[in-house]
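S.K.: Take this structure, written in structure tokens, and hold onto it; I'll ask about it next.
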Amino acid sequence: MKTRKSSVERKTEETSVSIKINIDGTGKSEISTANGMFNHLLSQLSKHSLIDITISVTGDDEVGWHHIVEDTAISLGKALAETIGNAKGIVRMGHAIVPLDESLAMVAVDVGGRGFTVLNTNLGDSDLGGLSGTLIEHFLDSLARESGINIHVNLMYGSNNHHKAECIFKALAKSLRAAMNLDSRISDQIPSTKGVIG
Ligand SMILES: [Mn+2]
């Protein structure tokens with residue numbers, strides 16, 4: 001089987017982003033974004049999706065991490081879109097329910113070429129290493145738009161923002177793993193009655 005890999009380099013006046021992914025990996029990551037919490041969440045995404053992810057981001061952190069988080073999401077989304085391609089042979093939909101202590105997240109994805117989000121994250125701003133709840137939602141929204149993946153997030157309950165964010169990322173990871181798995185019975189098929197994804 002040909003492994004599904006891609007790399008994206010993106011330089012703007014605000015940031016410089018370099019990303020490599022391998023969807024058929026084992027969950028190895030090297031993440032360097034200058035924000036410890038963001039590194040932590042991206043590492044969780046890799047570990048539990050089994051997507052190998054290398055990310056190096058430098059740039060403008062004077063505006064509360066906004067550009068770094070946004071541009072990472074855009075580049076990661078583009079890398080995912082490139083590796084997904086025409087989606088031939090993939091399961092396409094996936095979901096997961098993941099707890100972390102007092103928090104529980106439910107995530108569902110459709111790798112269907114239509115980037116859209118419904119986000120009920122109930123995230124506040126404390127205990128997120130300088131990130132904000134709205135910035136994490138912005139990450140998820142930008143990722144969905146650029147990758148063409150429909151992402152629904154429902155934080156069912158929880159009180160600690162760190163736990164809430166982490167179980168959302170783990171549930172997203174598990175959902176992506178399920179959705180992007182190759183199904184040998186449909187290896188020559190695009191998983192849509194339309195015959196195309198998008
Ligand atoms: Mn943690």
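Residue numbering restarts at 1 in every chain; chains get A, B, ... in the order shown in the structure tokens, and ligands count up from 1 in that same order.
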Considering only strand (DSSP E or B) as DSSP defines it on the backbone, what residues of region 7-186 of chain A qualify? List them as a ChimeraX atom specification.
M.R.: /A:7-11,15-22,29-32,52-59,90,93-100,103-110,116-120,150-157,182
S.K.: Identify, on the basis of only C-alpha atoms, every residue whose closest approach to region 150-166 of chain A does not exceed 10 Å; exclude the query and any residue fewer than 2 positions from it along the same chain; express the result as a PyMOL selection string.
M.R.: chain A and resi 37+40-42+44-45+93-95+97-129+132-133+136-137+140-141+143-145+147-148+168-172+175-176
S.K.: So which residues touch region 10-22 of chain A within 8 Å, counting only C-alpha atoms, skipping near sequence neighbours fewer than 2 positions away, as a PyMOL selection string?
M.R.: chain A and resi 3-8+24-25+51-60+67-68+71-72+75-76+79-80
S.K.: Suppose we keep N, CA and C atoms; can you now write the selection as a PDB file, in the first residue's frame?
M.R.:
```
ATOM      1  N   THR A   3       1.796   4.765   1.087  1.00  0.00           N
ATOM      2  CA  THR A   3       1.412   5.541   2.280  1.00  0.00           C
ATOM      3  C   THR A   3       0.949   6.934   1.859  1.00  0.00           C
ATOM      4  N   ARG A   4      -0.006   7.423   2.603  1.00  0.00           N
ATOM      5  CA  ARG A   4      -0.622   8.712   2.276  1.00  0.00           C
ATOM      6  C   ARG A   4       0.083   9.821   3.052  1.00  0.00           C
ATOM      7  N   LYS A   5       0.939  10.544   2.324  1.00  0.00           N
ATOM      8  CA  LYS A   5       1.768  11.571   2.954  1.00  0.00           C
ATOM      9  C   LYS A   5       1.626  12.888   2.216  1.00  0.00           C
ATOM     10  N   SER A   6       1.855  13.974   2.921  1.00  0.00           N
ATOM     11  CA  SER A   6       1.990  15.252   2.212  1.00  0.00           C
ATOM     12  C   SER A   6       2.736  16.247   3.082  1.00  0.00           C
ATOM     13  N   SER A   7       3.210  17.294   2.450  1.00  0.00           N
ATOM     14  CA  SER A   7       3.866  18.358   3.211  1.00  0.00           C
ATOM     15  C   SER A   7       3.415  19.709   2.672  1.00  0.00           C
ATOM     16  N   VAL A   8       3.333  20.654   3.580  1.00  0.00           N
ATOM     17  CA  VAL A   8       2.889  22.004   3.242  1.00  0.00           C
ATOM     18  C   VAL A   8       3.846  23.012   3.866  1.00  0.00           C
ATOM     19  N   ASP A  24      -0.967   7.260   7.324  1.00  0.00           N
ATOM     20  CA  ASP A  24      -0.756   5.840   7.627  1.00  0.00           C
ATOM     21  C   ASP A  24       0.413   5.648   8.583  1.00  0.00           C
ATOM     22  N   GLY A  25       0.492   6.514   9.583  1.00  0.00           N
ATOM     23  CA  GLY A  25       1.600   6.464  10.523  1.00  0.00           C
ATOM     24  C   GLY A  25       1.266   5.676  11.781  1.00  0.00           C
ATOM     25  N   ILE A  51      -1.882   9.556  12.945  1.00  0.00           N
ATOM     26  CA  ILE A  51      -1.280  10.355  11.865  1.00  0.00           C
ATOM     27  C   ILE A  51       0.058  10.886  12.382  1.00  0.00           C
ATOM     28  N   ASP A  52       1.154  10.537  11.701  1.00  0.00           N
ATOM     29  CA  ASP A  52       2.440  11.129  12.072  1.00  0.00           C
ATOM     30  C   ASP A  52       2.410  12.598  11.657  1.00  0.00           C
ATOM     31  N   ILE A  53       2.752  13.484  12.580  1.00  0.00           N
ATOM     32  CA  ILE A  53       2.679  14.925  12.286  1.00  0.00           C
ATOM     33  C   ILE A  53       3.974  15.609  12.723  1.00  0.00           C
ATOM     34  N   THR A  54       4.599  16.306  11.780  1.00  0.00           N
ATOM     35  CA  THR A  54       5.727  17.181  12.103  1.00  0.00           C
ATOM     36  C   THR A  54       5.291  18.607  11.809  1.00  0.00           C
ATOM     37  N   ILE A  55       5.347  19.457  12.818  1.00  0.00           N
ATOM     38  CA  ILE A  55       4.935  20.853  12.631  1.00  0.00           C
ATOM     39  C   ILE A  55       5.984  21.775  13.223  1.00  0.00           C
ATOM     40  N   SER A  56       6.408  22.743  12.442  1.00  0.00           N
ATOM     41  CA  SER A  56       7.272  23.795  12.956  1.00  0.00           C
ATOM     42  C   SER A  56       6.659  25.135  12.553  1.00  0.00           C
ATOM     43  N   VAL A  57       6.349  25.956  13.546  1.00  0.00           N
ATOM     44  CA  VAL A  57       5.727  27.251  13.287  1.00  0.00           C
ATOM     45  C   VAL A  57       6.498  28.330  14.017  1.00  0.00           C
ATOM     46  N   THR A  58       6.849  29.380  13.309  1.00  0.00           N
ATOM     47  CA  THR A  58       7.449  30.539  13.958  1.00  0.00           C
ATOM     48  C   THR A  58       6.686  31.769  13.513  1.00  0.00           C
ATOM     49  N   GLY A  59       6.790  32.811  14.312  1.00  0.00           N
ATOM     50  CA  GLY A  59       6.168  34.058  13.882  1.00  0.00           C
ATOM     51  C   GLY A  59       5.547  34.838  15.006  1.00  0.00           C
ATOM     52  N   ASP A  60       4.524  35.550  14.609  1.00  0.00           N
ATOM     53  CA  ASP A  60       3.908  36.596  15.392  1.00  0.00           C
ATOM     54  C   ASP A  60       3.101  36.026  16.565  1.00  0.00           C
ATOM     55  N   HIS A  67      -2.408  34.265  15.227  1.00  0.00           N
ATOM     56  CA  HIS A  67      -1.891  33.941  13.886  1.00  0.00           C
ATOM     57  C   HIS A  67      -1.218  32.572  13.850  1.00  0.00           C
ATOM     58  N   ILE A  68      -0.517  32.249  14.915  1.00  0.00           N
ATOM     59  CA  ILE A  68       0.165  30.952  14.959  1.00  0.00           C
ATOM     60  C   ILE A  68      -0.864  29.812  14.918  1.00  0.00           C
ATOM     61  N   ASP A  71      -2.791  29.898  11.371  1.00  0.00           N
ATOM     62  CA  ASP A  71      -1.993  29.472  10.220  1.00  0.00           C
ATOM     63  C   ASP A  71      -1.601  28.001  10.314  1.00  0.00           C
ATOM     64  N   THR A  72      -1.453  27.491  11.525  1.00  0.00           N
ATOM     65  CA  THR A  72      -1.212  26.060  11.697  1.00  0.00           C
ATOM     66  C   THR A  72      -2.436  25.277  11.228  1.00  0.00           C
ATOM     67  N   SER A  75      -2.663  25.308   7.379  1.00  0.00           N
ATOM     68  CA  SER A  75      -1.660  24.445   6.735  1.00  0.00           C
ATOM     69  C   SER A  75      -1.937  22.966   6.987  1.00  0.00           C
ATOM     70  N   LEU A  76      -2.330  22.630   8.210  1.00  0.00           N
ATOM     71  CA  LEU A  76      -2.669  21.241   8.522  1.00  0.00           C
ATOM     72  C   LEU A  76      -3.887  20.810   7.706  1.00  0.00           C
ATOM     73  N   ALA A  79      -2.784  20.134   4.177  1.00  0.00           N
ATOM     74  CA  ALA A  79      -2.052  18.859   4.116  1.00  0.00           C
ATOM     75  C   ALA A  79      -3.029  17.688   4.152  1.00  0.00           C
ATOM     76  N   LEU A  80      -4.038  17.780   4.993  1.00  0.00           N
ATOM     77  CA  LEU A  80      -5.038  16.707   5.059  1.00  0.00           C
ATOM     78  C   LEU A  80      -5.800  16.603   3.740  1.00  0.00           C
TER      79      LEU A  80
END
```
S.K.: For Leu50 (chain A), work out the shell of residues within 8 Å, counting only C-alpha atoms and skipping chain neighbours fewer than 5 positions away, then give it as a PyMOL selection string.
M.R.: chain A and resi 23-28+177
S.K.: Any chance you can output those residues with N, CA, C and O atoms as an mmCIF file, in the first residue's frame?
M.R.:
```cif
data_model
loop_
_atom_site.group_PDB
_atom_site.id
_atom_site.type_symbol
_atom_site.label_atom_id
_atom_site.label_comp_id
_atom_site.auth_asym_id
_atom_site.auth_seq_id
_atom_site.Cartn_x
_atom_site.Cartn_y
_atom_site.Cartn_z
ATOM 1 N N ILE A 23 -0.736 9.980 7.041
ATOM 2 C CA ILE A 23 -1.993 9.453 7.588
ATOM 3 C C ILE A 23 -1.836 7.999 8.013
ATOM 4 O O ILE A 23 -2.471 7.538 8.954
ATOM 5 N N ASP A 24 -0.967 7.260 7.324
ATOM 6 C CA ASP A 24 -0.756 5.840 7.627
ATOM 7 C C ASP A 24 0.413 5.648 8.583
ATOM 8 O O ASP A 24 1.223 4.729 8.413
ATOM 9 N N GLY A 25 0.492 6.514 9.583
ATOM 10 C CA GLY A 25 1.600 6.464 10.523
ATOM 11 C C GLY A 25 1.266 5.676 11.781
ATOM 12 O O GLY A 25 0.354 4.839 11.807
ATOM 13 N N THR A 26 2.008 5.986 12.840
ATOM 14 C CA THR A 26 1.813 5.287 14.112
ATOM 15 C C THR A 26 1.612 6.274 15.274
ATOM 16 O O THR A 26 1.690 5.904 16.434
ATOM 17 N N GLY A 27 1.351 7.540 14.926
ATOM 18 C CA GLY A 27 1.090 8.529 15.974
ATOM 19 C C GLY A 27 2.337 9.178 16.527
ATOM 20 O O GLY A 27 2.370 9.604 17.687
ATOM 21 N N LYS A 28 3.375 9.264 15.687
ATOM 22 C CA LYS A 28 4.613 9.938 16.119
ATOM 23 C C LYS A 28 4.498 11.416 15.761
ATOM 24 O O LYS A 28 4.051 11.766 14.668
ATOM 25 N N ARG A 177 -9.248 8.988 12.745
ATOM 26 C CA ARG A 177 -8.648 7.663 12.505
ATOM 27 C C ARG A 177 -9.691 6.723 11.903
ATOM 28 O O ARG A 177 -9.433 6.034 10.907
#
```
S.K.: So, counting only C-alpha atoms, which residue among A:Val91, A:Ser46, A:Thr193, A:Arg185 is closest to Ile31 (chain A)?
M.R.: A:Ser46
S.K.: When you draw a straight line from CA of Asn39 (chain A) to CA of Phe139 (chain A), how long is it in Å?
M.R.: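 Straight-line distance from CA of Asn39 (chain A) to CA of Phe139 (chain A) works out to 13.0 Å.
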S.K.: Write out as a PyMOL selection string all residues of chain A that DSSP puts in helix (DSSP H, G or I) for this structure's backbone.
M.R.: chain A and resi 36-49+66-84+133-147+161-180+184-186
S.K.: For ligand 1, which of A:Ile90, A:Cys167, A:Leu135, A:Ala73 is the closest residue, counting only C-alpha atoms and all ligand atoms?
M.R.: A:Cys167
S.K.: Of the candidates A:Phe38, A:Glu9, A:Ala96, A:Thr33, which shows the shortest atom-to-atom distance to ligand 1, using only C-alpha atoms and all ligand atoms?
M.R.: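 Using only C-alpha atoms and all ligand atoms, ligand 1 sits closest to A:Phe38.
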S.K.: Please determine, counting only C-alpha atoms, which residue among A:Ala173, A:Ala34, A:Met180, A:Ala81 has the shortest atom-to-atom distance to Glu62 (chain A).
M.R.: A:Ala34
S.K.: What is the distance between CA of Gly77 (chain A) and CA of Lys194 (chain A), in Å to one decimal?
M.R.: 23.5 Å
S.K.: What does the distance between CA of Ile197 (chain A) and CA of Asp183 (chain A) come to in Å, to one decimal place?
M.R.: 16.4 Å
